[in-house]
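Engineer: Okay, so here is start_23.csv, and as you'll see once you scroll down, it has CSV, C-alpha atoms.
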chain,number,residue,atom,x,y,z
I,6,MET,CA,0.0,0.0,0.0
I,7,LYS,CA,2.9,2.3,0.7
I,8,SER,CA,4.0,2.2,-2.9
I,9,ILE,CA,0.4,2.9,-4.1
I,10,GLU,CA,0.2,5.9,-1.8
I,11,GLN,CA,3.6,7.1,-3.0
I,12,ASP,CA,2.7,6.7,-6.7
I,13,ALA,CA,-0.5,8.7,-6.1
I,14,VAL,CA,1.4,11.5,-4.3
I,15,ASN,CA,4.1,11.6,-7.1
I,16,THR,CA,1.4,11.9,-9.8
I,17,PHE,CA,-0.4,14.6,-7.8
I,18,THR,CA,2.8,16.5,-7.3
I,19,LYS,CA,3.8,16.3,-11.0
I,20,TYR,CA,0.4,17.1,-12.6
I,21,ILE,CA,-2.3,18.2,-10.1
I,22,SER,CA,-0.7,20.4,-7.4
I,23,PRO,CA,-0.8,24.2,-7.8
I,24,ASP,CA,3.0,24.3,-8.3
I,25,ALA,CA,3.1,21.2,-10.5
I,26,ALA,CA,6.0,20.9,-12.9
I,27,LYS,CA,3.7,19.8,-15.7
I,28,PRO,CA,0.2,21.0,-14.8
I,29,ILE,CA,-3.0,19.9,-16.5
I,30,PRO,CA,-6.1,22.1,-17.0
I,31,ILE,CA,-8.3,21.3,-14.1
I,32,THR,CA,-10.3,23.5,-11.7
I,33,GLU,CA,-9.7,24.0,-8.0
I,34,ALA,CA,-12.8,22.0,-7.1
I,35,MET,CA,-11.4,19.0,-9.1
I,36,ARG,CA,-8.1,19.4,-7.3
I,37,ASN,CA,-9.7,19.3,-3.9
I,38,ASP,CA,-11.8,16.3,-4.9
I,39,ILE,CA,-8.6,14.4,-5.9
I,40,ILE,CA,-6.9,15.4,-2.6
I,41,ALA,CA,-9.9,14.0,-0.7
I,42,LYS,CA,-9.7,10.7,-2.5
I,43,ILE,CA,-6.0,10.4,-2.0
I,44,CYS,CA,-6.2,11.2,1.7
I,45,GLY,CA,-9.2,9.1,2.6
I,46,GLU,CA,-10.6,8.9,6.1
I,47,ASP,CA,-9.8,5.2,6.3
I,48,GLY,CA,-6.3,5.9,5.2
I,49,GLN,CA,-6.8,4.2,1.9
I,50,VAL,CA,-6.2,5.7,-1.6
I,51,ASP,CA,-9.3,5.6,-3.8
I,52,PRO,CA,-8.2,3.8,-7.0
I,53,ASN,CA,-10.4,6.1,-9.0
I,54,CYS,CA,-8.9,9.3,-7.6
I,55,PHE,CA,-7.5,10.4,-11.0
I,56,VAL,CA,-10.4,9.3,-13.2
I,57,LEU,CA,-11.9,12.8,-13.5
I,58,ALA,CA,-8.5,14.3,-14.4
I,59,GLN,CA,-8.0,11.6,-16.9
I,60,SER,CA,-11.3,12.4,-18.7
I,61,ILE,CA,-10.3,16.1,-18.8
I,62,VAL,CA,-6.9,15.3,-20.4
I,63,PHE,CA,-8.4,12.8,-22.8
I,64,SER,CA,-11.0,15.3,-24.0
I,65,ALA,CA,-8.3,17.9,-24.5
I,66,MET,CA,-6.1,15.6,-26.5
I,67,GLU,CA,-9.1,14.5,-28.7
I,68,GLN,CA,-10.4,18.0,-29.4
I,69,GLU,CA,-7.2,20.0,-29.6
I,70,HIS,CA,-4.5,17.7,-30.8
I,71,PHE,CA,-5.8,14.5,-32.3
I,72,SER,CA,-7.1,16.0,-35.6
I,73,GLU,CA,-3.8,17.8,-36.1
I,74,PHE,CA,-1.8,14.6,-35.4
I,75,LEU,CA,-3.8,12.8,-38.2
I,76,ARG,CA,-2.6,15.5,-40.6
I,77,SER,CA,1.0,15.4,-39.5
I,78,HIS,CA,4.0,13.4,-40.9
I,79,HIS,CA,4.2,11.6,-37.5
I,80,PHE,CA,0.9,9.8,-38.4
I,81,CYS,CA,2.2,9.0,-41.8
I,82,LYS,CA,5.3,7.5,-40.2
I,83,TYR,CA,3.2,5.5,-37.8
I,84,GLN,CA,1.1,4.2,-40.7
I,85,ILE,CA,4.3,3.1,-42.5
I,86,GLU,CA,5.6,1.3,-39.4
I,87,VAL,CA,2.3,-0.5,-39.0
I,88,LEU,CA,1.9,-1.5,-42.6
I,89,THR,CA,5.5,-2.7,-42.9
I,90,SER,CA,5.6,-4.5,-39.6
I,91,GLY,CA,5.2,-7.9,-41.1
I,92,THR,CA,1.6,-8.5,-39.9
I,93,VAL,CA,-1.2,-6.3,-41.1
I,94,TYR,CA,-4.8,-6.9,-39.8
I,95,LEU,CA,-8.0,-6.0,-41.5
I,96,ALA,CA,-8.7,-3.4,-38.7
I,97,ASP,CA,-5.5,-1.6,-39.7
I,98,ILE,CA,-7.1,-1.0,-43.1
I,99,LEU,CA,-10.8,-0.5,-42.3
I,100,PHE,CA,-10.1,2.0,-39.5
I,101,CYS,CA,-7.6,4.1,-41.4
I,102,GLU,CA,-9.2,6.6,-43.9
I,103,SER,CA,-6.3,6.7,-46.3
I,104,ALA,CA,-5.8,2.9,-46.4
I,105,LEU,CA,-9.6,2.3,-46.7
I,106,PHE,CA,-9.6,4.4,-49.9
I,107,TYR,CA,-7.1,2.1,-51.6
I,108,PHE,CA,-8.8,-1.0,-50.2
I,109,SER,CA,-12.2,0.2,-51.5
I,110,GLU,CA,-10.7,0.6,-54.9
I,111,TYR,CA,-9.2,-2.9,-54.8
I,112,MET,CA,-12.6,-4.4,-53.7
I,113,GLU,CA,-14.2,-2.6,-56.6
I,114,LYS,CA,-11.8,-4.1,-59.1
I,115,GLU,CA,-12.6,-7.5,-57.5
I,116,ASP,CA,-16.4,-6.9,-57.9
I,117,ALA,CA,-16.8,-7.2,-54.1
I,118,VAL,CA,-17.2,-3.6,-53.1
I,119,ASN,CA,-20.8,-4.3,-52.0
I,120,ILE,CA,-19.4,-6.4,-49.1
I,121,LEU,CA,-17.3,-3.5,-47.9
I,122,GLN,CA,-20.0,-1.0,-48.3
I,123,PHE,CA,-22.5,-3.1,-46.4
I,124,TRP,CA,-20.0,-3.6,-43.5
I,125,LEU,CA,-19.3,0.2,-43.3
I,126,ALA,CA,-23.0,1.0,-43.4
I,127,ALA,CA,-24.1,-1.7,-40.9
I,128,ASP,CA,-21.2,-0.9,-38.5
I,129,ASN,CA,-22.2,2.8,-38.6
I,130,PHE,CA,-25.8,1.9,-37.8
I,131,GLN,CA,-24.6,-0.3,-34.9
I,132,SER,CA,-22.3,2.4,-33.5
I,133,GLN,CA,-24.9,5.2,-33.7
I,134,LEU,CA,-27.6,3.1,-31.8
I,135,ALA,CA,-25.1,1.9,-29.2
I,136,ALA,CA,-23.9,5.5,-28.6
I,137,LYS,CA,-27.5,6.5,-27.7
I,138,LYS,CA,-27.6,3.8,-24.9
I,139,GLY,CA,-31.2,2.8,-25.6
I,140,GLN,CA,-32.5,6.4,-25.9
I,141,TYR,CA,-33.5,6.4,-29.5
I,142,ASP,CA,-36.6,6.4,-31.7
I,143,GLY,CA,-37.5,2.7,-32.4
I,144,GLN,CA,-39.5,3.6,-35.6
I,145,GLU,CA,-36.7,5.7,-37.0
I,146,ALA,CA,-34.1,3.0,-36.2
I,147,GLN,CA,-36.4,0.4,-38.0
I,148,ASN,CA,-36.6,2.6,-41.1
I,149,ASP,CA,-32.8,2.9,-41.2
I,150,ALA,CA,-32.5,-0.9,-40.8
I,151,MET,CA,-35.0,-1.5,-43.6
I,152,ILE,CA,-32.9,0.6,-46.0
I,153,LEU,CA,-30.0,-1.9,-45.4
I,154,TYR,CA,-32.3,-4.9,-45.6
I,155,ASP,CA,-33.9,-3.8,-48.9
I,156,LYS,CA,-30.5,-3.1,-50.4
I,157,TYR,CA,-28.6,-6.2,-49.4
I,158,PHE,CA,-30.8,-9.0,-48.0
I,159,SER,CA,-34.4,-8.9,-49.4
I,160,LEU,CA,-35.4,-11.2,-52.3
I,161,GLN,CA,-35.5,-8.1,-54.5
I,162,ALA,CA,-32.2,-6.6,-53.1
I,163,THR,CA,-30.5,-4.2,-55.5
I,164,HIS,CA,-27.0,-5.3,-54.2
I,165,PRO,CA,-27.5,-8.9,-53.0
I,166,LEU,CA,-24.6,-10.3,-50.9
I,167,GLY,CA,-25.5,-13.9,-51.2
I,168,PHE,CA,-26.5,-14.6,-47.6
I,169,ASP,CA,-28.7,-17.7,-47.1
I,170,ASP,CA,-32.3,-17.7,-45.9
I,171,VAL,CA,-31.3,-18.4,-42.3
I,172,VAL,CA,-29.4,-15.1,-42.1
I,173,ARG,CA,-32.2,-13.3,-43.9
I,174,LEU,CA,-34.9,-14.5,-41.6
I,175,GLU,CA,-32.8,-13.7,-38.5
I,176,ILE,CA,-32.4,-10.1,-39.8
I,177,GLU,CA,-36.1,-9.8,-40.5
I,178,SER,CA,-36.8,-10.9,-36.9
I,179,ASN,CA,-34.3,-8.5,-35.5
I,180,ILE,CA,-35.8,-5.5,-37.5
I,181,CYS,CA,-39.4,-6.3,-36.7
I,182,ARG,CA,-38.7,-6.5,-33.0
I,183,GLU,CA,-41.2,-4.7,-30.8
I,184,GLY,CA,-39.7,-1.4,-29.8
I,185,GLY,CA,-37.4,-1.3,-32.8
I,186,PRO,CA,-34.2,-3.1,-33.7
I,187,LEU,CA,-31.3,-3.3,-31.2
I,188,PRO,CA,-27.7,-2.2,-32.1
I,189,ASN,CA,-26.7,-5.8,-32.7
I,190,CYS,CA,-29.4,-6.2,-35.4
I,191,PHE,CA,-26.8,-7.0,-38.1
I,192,THR,CA,-24.2,-8.8,-35.9
I,193,THR,CA,-24.3,-12.1,-37.9
I,194,PRO,CA,-23.8,-10.7,-41.4
I,195,LEU,CA,-21.3,-8.2,-40.1
I,196,ARG,CA,-19.2,-11.0,-38.7
I,197,GLN,CA,-19.5,-13.0,-42.0
I,198,ALA,CA,-18.6,-9.9,-44.1
I,199,TRP,CA,-15.6,-9.3,-41.9
I,200,THR,CA,-14.4,-12.9,-42.2
I,201,THR,CA,-14.8,-12.8,-45.9
I,202,MET,CA,-12.8,-9.6,-46.4
I,203,GLU,CA,-10.1,-10.9,-44.0
I,204,LYS,CA,-9.6,-14.3,-45.4
I,205,VAL,CA,-10.4,-13.8,-49.1
I,206,PHE,CA,-9.6,-10.2,-50.1
I,207,LEU,CA,-7.0,-8.9,-47.6
I,208,PRO,CA,-4.1,-11.2,-48.7
I,209,GLY,CA,-4.7,-10.2,-52.3
I,210,PHE,CA,-4.8,-6.5,-51.5
I,211,LEU,CA,-1.5,-6.7,-49.5
I,212,SER,CA,0.2,-8.1,-52.6
I,213,SER,CA,-1.4,-5.8,-55.1
I,214,ASN,CA,0.0,-2.8,-57.0
I,215,LEU,CA,-2.6,-0.6,-55.2
I,216,TYR,CA,-1.0,-1.5,-51.9
I,217,TYR,CA,2.4,-0.6,-53.2
I,218,LYS,CA,1.1,2.7,-54.5
I,219,TYR,CA,-0.4,3.4,-51.1
I,220,LEU,CA,2.9,2.8,-49.3
I,221,ASN,CA,4.7,4.9,-52.0
I,222,ASP,CA,2.3,7.8,-51.5
I,223,LEU,CA,2.8,7.6,-47.7
I,224,ILE,CA,6.6,7.7,-48.1
I,225,HIS,CA,6.5,10.7,-50.5
I,226,SER,CA,4.2,12.6,-48.1
I,227,VAL,CA,6.9,12.6,-45.5
I,228,ARG,CA,9.8,14.9,-45.8
I,229,GLY,CA,13.1,13.0,-45.8
I,230,ASP,CA,14.8,15.0,-43.1
I,231,GLU,CA,11.8,14.6,-40.8
I,232,PHE,CA,11.1,10.9,-41.4
I,233,LEU,CA,14.5,9.4,-41.7
I,234,GLY,CA,17.2,9.1,-39.1
I,235,GLY,CA,19.5,7.3,-41.5
I,236,ASN,CA,19.1,4.3,-43.7
I,237,VAL,CA,15.8,2.7,-42.9
I,238,SER,CA,14.6,-0.7,-44.2
I,239,LEU,CA,10.9,-0.9,-44.6
I,240,THR,CA,9.7,-4.5,-44.8
I,241,ALA,CA,6.3,-5.1,-46.3
I,242,PRO,CA,3.8,-7.7,-45.0
I,243,GLY,CA,4.8,-11.2,-45.7
I,244,SER,CA,8.5,-10.6,-45.2
I,245,VAL,CA,10.4,-9.7,-42.0
I,246,GLY,CA,13.8,-8.2,-41.8
I,247,PRO,CA,15.8,-6.0,-39.4
I,248,PRO,CA,16.7,-2.4,-40.3
I,249,ASP,CA,19.9,-2.0,-42.3
I,250,GLU,CA,21.5,0.2,-39.7
I,251,SER,CA,20.7,2.9,-37.2
I,252,HIS,CA,22.4,6.2,-36.6
I,253,PRO,CA,23.6,7.2,-33.2
I,254,GLY,CA,22.2,10.3,-31.7
I,255,GLY,CA,23.6,13.0,-29.4
I,256,SER,CA,27.0,14.3,-30.5
I,257,ASP,CA,26.7,12.6,-33.9
I,258,SER,CA,23.5,14.5,-34.9
I,259,SER,CA,25.3,16.7,-37.5
I,260,ALA,CA,26.7,13.6,-39.1
I,261,SER,CA,23.3,12.0,-39.1
I,262,GLN,CA,21.7,15.0,-40.8
I,263,SER,CA,24.3,15.0,-43.5
I,264,SER,CA,23.9,11.3,-44.1
I,265,VAL,CA,20.1,11.7,-44.2
I,266,LYS,CA,20.4,13.7,-47.5
I,267,LYS,CA,22.3,10.8,-49.1
I,268,ALA,CA,20.2,8.1,-47.6
I,269,SER,CA,17.7,6.0,-49.5
I,270,ILE,CA,14.7,4.0,-48.4
I,271,LYS,CA,14.6,0.4,-49.4
I,272,ILE,CA,11.2,-1.1,-49.5
I,273,LEU,CA,11.3,-4.9,-49.5
I,274,LYS,CA,8.0,-6.1,-51.0
I,275,ASN,CA,6.6,-9.3,-52.2
I,276,PHE,CA,7.0,-8.1,-55.8
I,277,ASP,CA,9.5,-9.1,-58.4
I,278,GLU,CA,12.1,-6.6,-57.4
I,279,ALA,CA,13.0,-4.2,-54.6
I,280,ILE,CA,11.9,-0.5,-54.9
I,281,ILE,CA,14.6,2.1,-54.2
I,282,VAL,CA,13.5,5.7,-53.4
I,283,ASP,CA,16.0,8.4,-53.1
I,284,ALA,CA,15.5,10.2,-49.8
I,285,ALA,CA,16.7,13.5,-51.2
I,286,SER,CA,13.9,13.5,-53.7
I,287,LEU,CA,11.4,13.6,-50.8
I,288,ASP,CA,12.5,17.2,-50.0
I,289,PRO,CA,11.6,19.7,-52.7
I,290,GLU,CA,13.6,22.4,-51.0
I,291,SER,CA,16.8,20.5,-51.7
I,292,LEU,CA,16.5,21.8,-55.3
I,293,TYR,CA,17.4,25.3,-54.1
I,294,GLN,CA,20.2,24.2,-51.7
I,295,ARG,CA,22.6,22.7,-54.2
I,296,THR,CA,26.3,23.8,-54.5
I,297,TYR,CA,26.9,27.1,-56.3
I,298,ALA,CA,28.4,26.2,-59.7
I,299,GLY,CA,29.7,29.6,-60.6
I,300,LYS,CA,28.6,32.1,-63.3
I,301,MET,CA,26.8,30.7,-66.3
I,302,THR,CA,29.0,32.1,-69.1
I,303,PHE,CA,30.1,30.7,-72.5
I,304,GLY,CA,33.0,32.9,-73.1
I,305,ARG,CA,34.5,36.4,-73.2
I,306,VAL,CA,35.8,39.0,-75.6
I,307,SER,CA,39.5,39.9,-75.3
I,308,ASP,CA,41.1,43.3,-75.7
I,309,LEU,CA,41.9,42.3,-79.2
I,310,GLY,CA,38.2,41.9,-80.0
I,311,GLN,CA,38.5,38.1,-80.1
I,312,PHE,CA,35.8,35.8,-78.6
I,313,ILE,CA,37.4,33.3,-76.3
I,314,ARG,CA,35.3,30.2,-75.5
I,315,GLU,CA,35.2,29.2,-71.9
I,316,SER,CA,32.8,26.2,-72.2
I,317,GLU,CA,34.1,23.1,-73.9
I,318,PRO,CA,32.0,21.8,-76.8
I,319,GLU,CA,30.6,18.3,-76.7
I,320,PRO,CA,33.0,15.6,-77.9
I,321,ASP,CA,30.9,14.5,-80.9
I,322,VAL,CA,30.2,18.1,-82.1
I,323,LYS,CA,32.5,19.6,-84.7
I,324,LYS,CA,34.2,22.8,-83.8
I,325,SER,CA,32.9,26.0,-85.4
I,326,LYS,CA,35.1,27.5,-88.0
I,327,GLY,CA,34.7,30.8,-86.2
I,328,SER,CA,33.8,34.2,-87.5
I,329,MET,CA,34.9,35.9,-90.7
I,330,PHE,CA,37.7,37.6,-88.9
I,331,SER,CA,38.9,34.4,-87.3
I,332,GLN,CA,39.0,32.7,-90.7
I,333,ALA,CA,41.0,35.7,-92.1
I,334,MET,CA,43.6,35.4,-89.3
I,335,LYS,CA,44.1,31.7,-90.1
I,336,LYS,CA,44.7,32.6,-93.7
I,337,TRP,CA,47.3,35.2,-92.7
I,338,VAL,CA,49.4,32.5,-91.0
I,339,GLN,CA,49.4,30.5,-94.3
I,340,GLY,CA,47.3,27.6,-93.1
I,341,ASN,CA,49.3,27.0,-90.0
I,342,THR,CA,46.9,26.5,-87.0
I,343,ASP,CA,49.5,27.0,-84.4
I,344,GLU,CA,47.8,29.1,-81.6
I,345,ALA,CA,50.9,31.2,-81.0
I,346,GLN,CA,51.2,32.4,-84.6
I,347,GLU,CA,47.4,33.0,-84.7
I,348,GLU,CA,47.7,35.2,-81.6
I,349,LEU,CA,50.6,37.1,-83.2
I,350,ALA,CA,48.4,37.7,-86.3
I,351,TRP,CA,45.7,39.2,-84.0
I,352,LYS,CA,48.2,41.6,-82.4
I,353,ILE,CA,49.4,42.7,-85.9
I,354,ALA,CA,45.8,43.3,-86.9
I,355,LYS,CA,45.3,45.4,-83.7
I,356,MET,CA,48.3,47.5,-84.6
I,357,ILE,CA,47.0,48.2,-88.1
I,358,VAL,CA,43.5,49.1,-86.8
I,359,THR,CA,45.0,51.4,-84.1
I,360,ASP,CA,47.2,53.1,-86.7
I,361,VAL,CA,44.2,53.7,-89.0
I,362,MET,CA,42.2,55.2,-86.1
I,363,GLN,CA,45.0,57.5,-85.1
I,364,GLN,CA,45.5,58.7,-88.7
I,365,ALA,CA,41.7,59.4,-89.0
I,366,GLN,CA,41.8,61.4,-85.8
I,367,TYR,CA,44.8,63.4,-87.1
I,368,ASP,CA,43.1,64.3,-90.4
I,369,GLN,CA,39.8,65.5,-88.8
I,370,PRO,CA,41.0,69.1,-87.9
I,371,LEU,CA,42.3,69.6,-91.4
I,372,GLU,CA,38.9,68.7,-92.9
I,373,LYS,CA,37.1,71.1,-90.5
I,374,SER,CA,39.4,74.1,-91.5
I,375,THR,CA,38.9,73.4,-95.1
I,376,LYS,CA,35.1,73.6,-94.7
I,377,LEU,CA,35.4,76.9,-93.0
What is this structure when it is put down as structure tokens?

Structural biologist:
Amino acid sequence: MKSIEQDAVNTFTKYISPDAAKPIPITEAMRNDIIAKICGEDGQVDPNCFVLAQSIVFSAMEQEHFSEFLRSHHFCKYQIEVLTSGTVYLADILFCESALFYFSEYMEKEDAVNILQFWLAADNFQSQLAAKKGQYDGQEAQNDAMILYDKYFSLQATHPLGFDDVVRLEIESNICREGGPLPNCFTTPLRQAWTTMEKVFLPGFLSSNLYYKYLNDLIHSVRGDEFLGGNVSLTAPGSVGPPDESHPGGSDSSASQSSVKKASIKILKNFDEAIIVDAASLDPESLYQRTYAGKMTFGRVSDLGQFIRESEPEPDVKKSKGSMFSQAMKKWVQGNTDEAQEELAWKIAKMIVTDVMQQAQYDQPLEKSTKL
């Protein structure tokens, strides 16, 4: 008992007390009620002393944080871990919105989507009636049940599921019950539909291209630097294997981050070949973080007026003969393509041009005086 009392005091000190290190949002009246249950008159700790505080915290997590978690990359990571753990259950698919979408598409291709749609509708009917704890309109519940009966079970059903007469008569009896149907009205066909999907269709889905596409979409929805801590081996259902390696934390965090950019995700699947996904491709921002390659220039013009190429032509592309002046320079050196002689020819050409320009400038004053 001493340990139970100590645990209760430690929990109260950490979360409930006015000066708690990690306080939870409860009122003063709730706090006093918890104190009274911990310090009972008989000296015993009430085992339900924290139930009220638990309900407050649960409600806060559900209303304020859960929906945000479902949209986060953490949930995608969790889905990937579950779906590549080696054992995937039907519940992992049916109670996950994104997985259910792909499973529904698979069932449609197998011409069995009516089984899935019935299970979803009947499970929703059962859940809604159970949540009302008997306080519901029996006639309204009966009308809702008849919609499912007419669609899936009656002799004129628009989407017959193939249940035998025993199941059909049982459902009729449950629907026509005095006071309206109970939440377990469709328990038998629900169980049979679940078993059929689990035994017949789930194995095929887990080995289908749709399932691979679902995993691939999950991986691409997670940024590489947030999802990976190094090289991670994701083993699909039906095959079990340990991670390739794990990166140490702490002082090696910088090394881990650099290796993350070069890491790749290896998905071992029950397909013909393994699928390799480059982790760097998961981060679109990496396109703007590549090493600076310098100025994008193809060449420059020298002080001789000559264009000098700075980019090397492709090996299989013939070199250009150059401009008209370049070809003239090569003729001046009498067909010799030695670069030194060609450069000397350019310098001689520059001297000639300079001399002509100076002569023109010298003759300009004389022309002006003549005109006057």

Engineer: Do you know which residues are at most 10 Å from Tyr94 of chain I counting only C-alpha atoms, after dropping those on the same chain fewer than 5 positions away, and could you put them as a count of residues only?

Structural biologist: 6

Engineer: Nearest to Asp51 of chain I: which of I:Pro28, I:Ile98, I:Tyr20, I:Glu10 is it, counting only C-alpha atoms?

Structural biologist: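 Among the listed residues, the smallest separation from Asp51 of chain I belongs to I:Glu10.
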
Engineer: Measure the distance from atom CA of Ser90 of chain I to atom CA of Phe210 of chain I in Å and round it to one decimal.

Structural biologist: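 If I compute the distance from atom CA of Ser90 of chain I to atom CA of Phe210 of chain I, I get 15.9 Å.
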
Engineer: In Å, with one decimal, what is the gap from atom CA of Ala146 of chain I to atom CA of Pro186 of chain I?

Structural biologist: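 Going from atom CA of Ala146 of chain I over to atom CA of Pro186 of chain I covers 6.6 Å.
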
Engineer: Grab the atom CA of Val205 of chain I to atom CA of Ala104 of chain I distance for me, in Å with one decimal place.

Structural biologist: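 Interatomic distance here is 17.5 Å.
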
Engineer: Dump as a PyMOL selection string all residues having an atom at most 12 Å from (0.2, 4.3, -7.2), computed in the file's coordinates with all atoms listed in the file.

Structural biologist: chain I and resi 6-17+43+49-55

Engineer: Under the rule that all atoms listed in the file are counted, which of I:Gln133, I:Lys82, I:Ala34, I:Arg76 is the nearest residue to Leu220 of chain I?

Structural biologist: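 Smallest separation from Leu220 of chain I among the options: I:Lys82.
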
Engineer: Using only the atoms of segment 197-208 of chain I listed in the file, plus 6 Å on each side, state the axis-aligned box centre and edge lengths in Å rounded to one decimal, as AutoDock Vina command-line options.

Structural biologist:
--center_x -11.8 --center_y -11.6 --center_z -46.0 --size_x 27.4 --size_y 17.4 --size_z 20.2

Engineer: Ranking I:Ser307, I:Gly45, I:Ile85, I:Ile31 by minimum distance to Ser60 of chain I and counting all atoms listed in the file, which one comes first?

Structural biologist: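 The closest residue to Ser60 of chain I is I:Ile31.
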
Engineer: (-39.9, 3.6, -37.3) in this file's frame - what residues fall within 12 Å of it? Use all atoms listed in the file and give the answer as a ChimeraX atom specification.

Structural biologist: /I:141-152,180-186

Engineer: I want to know what sits within 12 Å of Ser109 of chain I, based on all atoms listed in the file, with residues of the same chain fewer than 6 positions away left out; could you give that as a list of chain:residue names?

Structural biologist: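 Residues near the query, excluding close chain neighbours: I:Ile98, I:Leu99, I:Cys101, I:Glu102, I:Ser103, I:Glu115, I:Asp116, I:Ala117, I:Val118, I:Asn119, I:Ile120, I:Leu121, I:Gln122, I:Phe123, I:Trp124, I:Leu125, I:Met202, I:Phe206, I:Leu207, I:Phe210, I:Leu215, I:Tyr216.
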
Engineer: What would segment 170-176 of chain I look like with all heavy atoms restored, written as an mmCIF file, in the coordinates of the input?

Structural biologist:
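For reference, out_13.cif as written:
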data_model
loop_
_atom_site.group_PDB
_atom_site.id
_atom_site.type_symbol
_atom_site.label_atom_id
_atom_site.label_comp_id
_atom_site.auth_asym_id
_atom_site.auth_seq_id
_atom_site.Cartn_x
_atom_site.Cartn_y
_atom_site.Cartn_z
ATOM 1 N N ASP I 170 -30.980 -18.082 -46.468
ATOM 2 C CA ASP I 170 -32.300 -17.700 -45.900
ATOM 3 C C ASP I 170 -32.238 -17.665 -44.373
ATOM 4 O O ASP I 170 -32.998 -16.902 -43.766
ATOM 5 C CB ASP I 170 -33.321 -18.783 -46.320
ATOM 6 C CG ASP I 170 -33.612 -18.720 -47.823
ATOM 7 O OD1 ASP I 170 -33.316 -17.653 -48.416
ATOM 8 O OD2 ASP I 170 -34.107 -19.713 -48.385
ATOM 9 N N VAL I 171 -31.372 -18.437 -43.752
ATOM 10 C CA VAL I 171 -31.300 -18.400 -42.300
ATOM 11 C C VAL I 171 -30.870 -17.011 -41.806
ATOM 12 O O VAL I 171 -31.462 -16.451 -40.883
ATOM 13 C CB VAL I 171 -30.270 -19.470 -41.791
ATOM 14 C CG1 VAL I 171 -30.093 -19.362 -40.277
ATOM 15 C CG2 VAL I 171 -30.730 -20.864 -42.179
ATOM 16 N N VAL I 172 -29.859 -16.435 -42.451
ATOM 17 C CA VAL I 172 -29.400 -15.100 -42.100
ATOM 18 C C VAL I 172 -30.480 -14.066 -42.403
ATOM 19 O O VAL I 172 -30.742 -13.148 -41.607
ATOM 20 C CB VAL I 172 -28.088 -14.748 -42.808
ATOM 21 C CG1 VAL I 172 -27.674 -13.304 -42.520
ATOM 22 C CG2 VAL I 172 -26.980 -15.697 -42.399
ATOM 23 N N ARG I 173 -31.115 -14.215 -43.549
ATOM 24 C CA ARG I 173 -32.200 -13.300 -43.900
ATOM 25 C C ARG I 173 -33.318 -13.267 -42.941
ATOM 26 O O ARG I 173 -33.803 -12.205 -42.533
ATOM 27 C CB ARG I 173 -32.655 -13.569 -45.354
ATOM 28 C CG ARG I 173 -33.731 -12.612 -45.861
ATOM 29 C CD ARG I 173 -34.034 -12.873 -47.322
ATOM 30 N NE ARG I 173 -34.440 -14.254 -47.546
ATOM 31 C CZ ARG I 173 -35.682 -14.706 -47.334
ATOM 32 N NH1 ARG I 173 -36.622 -13.886 -46.882
ATOM 33 N NH2 ARG I 173 -35.977 -15.968 -47.584
ATOM 34 N N LEU I 174 -33.773 -14.455 -42.528
ATOM 35 C CA LEU I 174 -34.900 -14.500 -41.600
ATOM 36 C C LEU I 174 -34.481 -14.004 -40.193
ATOM 37 O O LEU I 174 -35.301 -13.391 -39.495
ATOM 38 C CB LEU I 174 -35.334 -15.997 -41.448
ATOM 39 C CG LEU I 174 -35.984 -16.586 -42.708
ATOM 40 C CD1 LEU I 174 -36.280 -18.069 -42.520
ATOM 41 C CD2 LEU I 174 -37.265 -15.823 -43.057
ATOM 42 N N GLU I 175 -33.239 -14.229 -39.816
ATOM 43 C CA GLU I 175 -32.800 -13.700 -38.500
ATOM 44 C C GLU I 175 -32.801 -12.161 -38.549
ATOM 45 O O GLU I 175 -33.215 -11.523 -37.570
ATOM 46 C CB GLU I 175 -31.343 -14.186 -38.262
ATOM 47 C CG GLU I 175 -30.724 -13.613 -36.981
ATOM 48 C CD GLU I 175 -29.272 -13.995 -36.807
ATOM 49 O OE1 GLU I 175 -28.855 -15.029 -37.368
ATOM 50 O OE2 GLU I 175 -28.546 -13.261 -36.112
ATOM 51 N N ILE I 176 -32.366 -11.548 -39.663
ATOM 52 C CA ILE I 176 -32.400 -10.100 -39.800
ATOM 53 C C ILE I 176 -33.801 -9.555 -39.760
ATOM 54 O O ILE I 176 -34.088 -8.527 -39.116
ATOM 55 C CB ILE I 176 -31.618 -9.651 -41.040
ATOM 56 C CG1 ILE I 176 -30.143 -10.039 -40.935
ATOM 57 C CG2 ILE I 176 -31.743 -8.148 -41.248
ATOM 58 C CD1 ILE I 176 -29.363 -9.810 -42.198
#
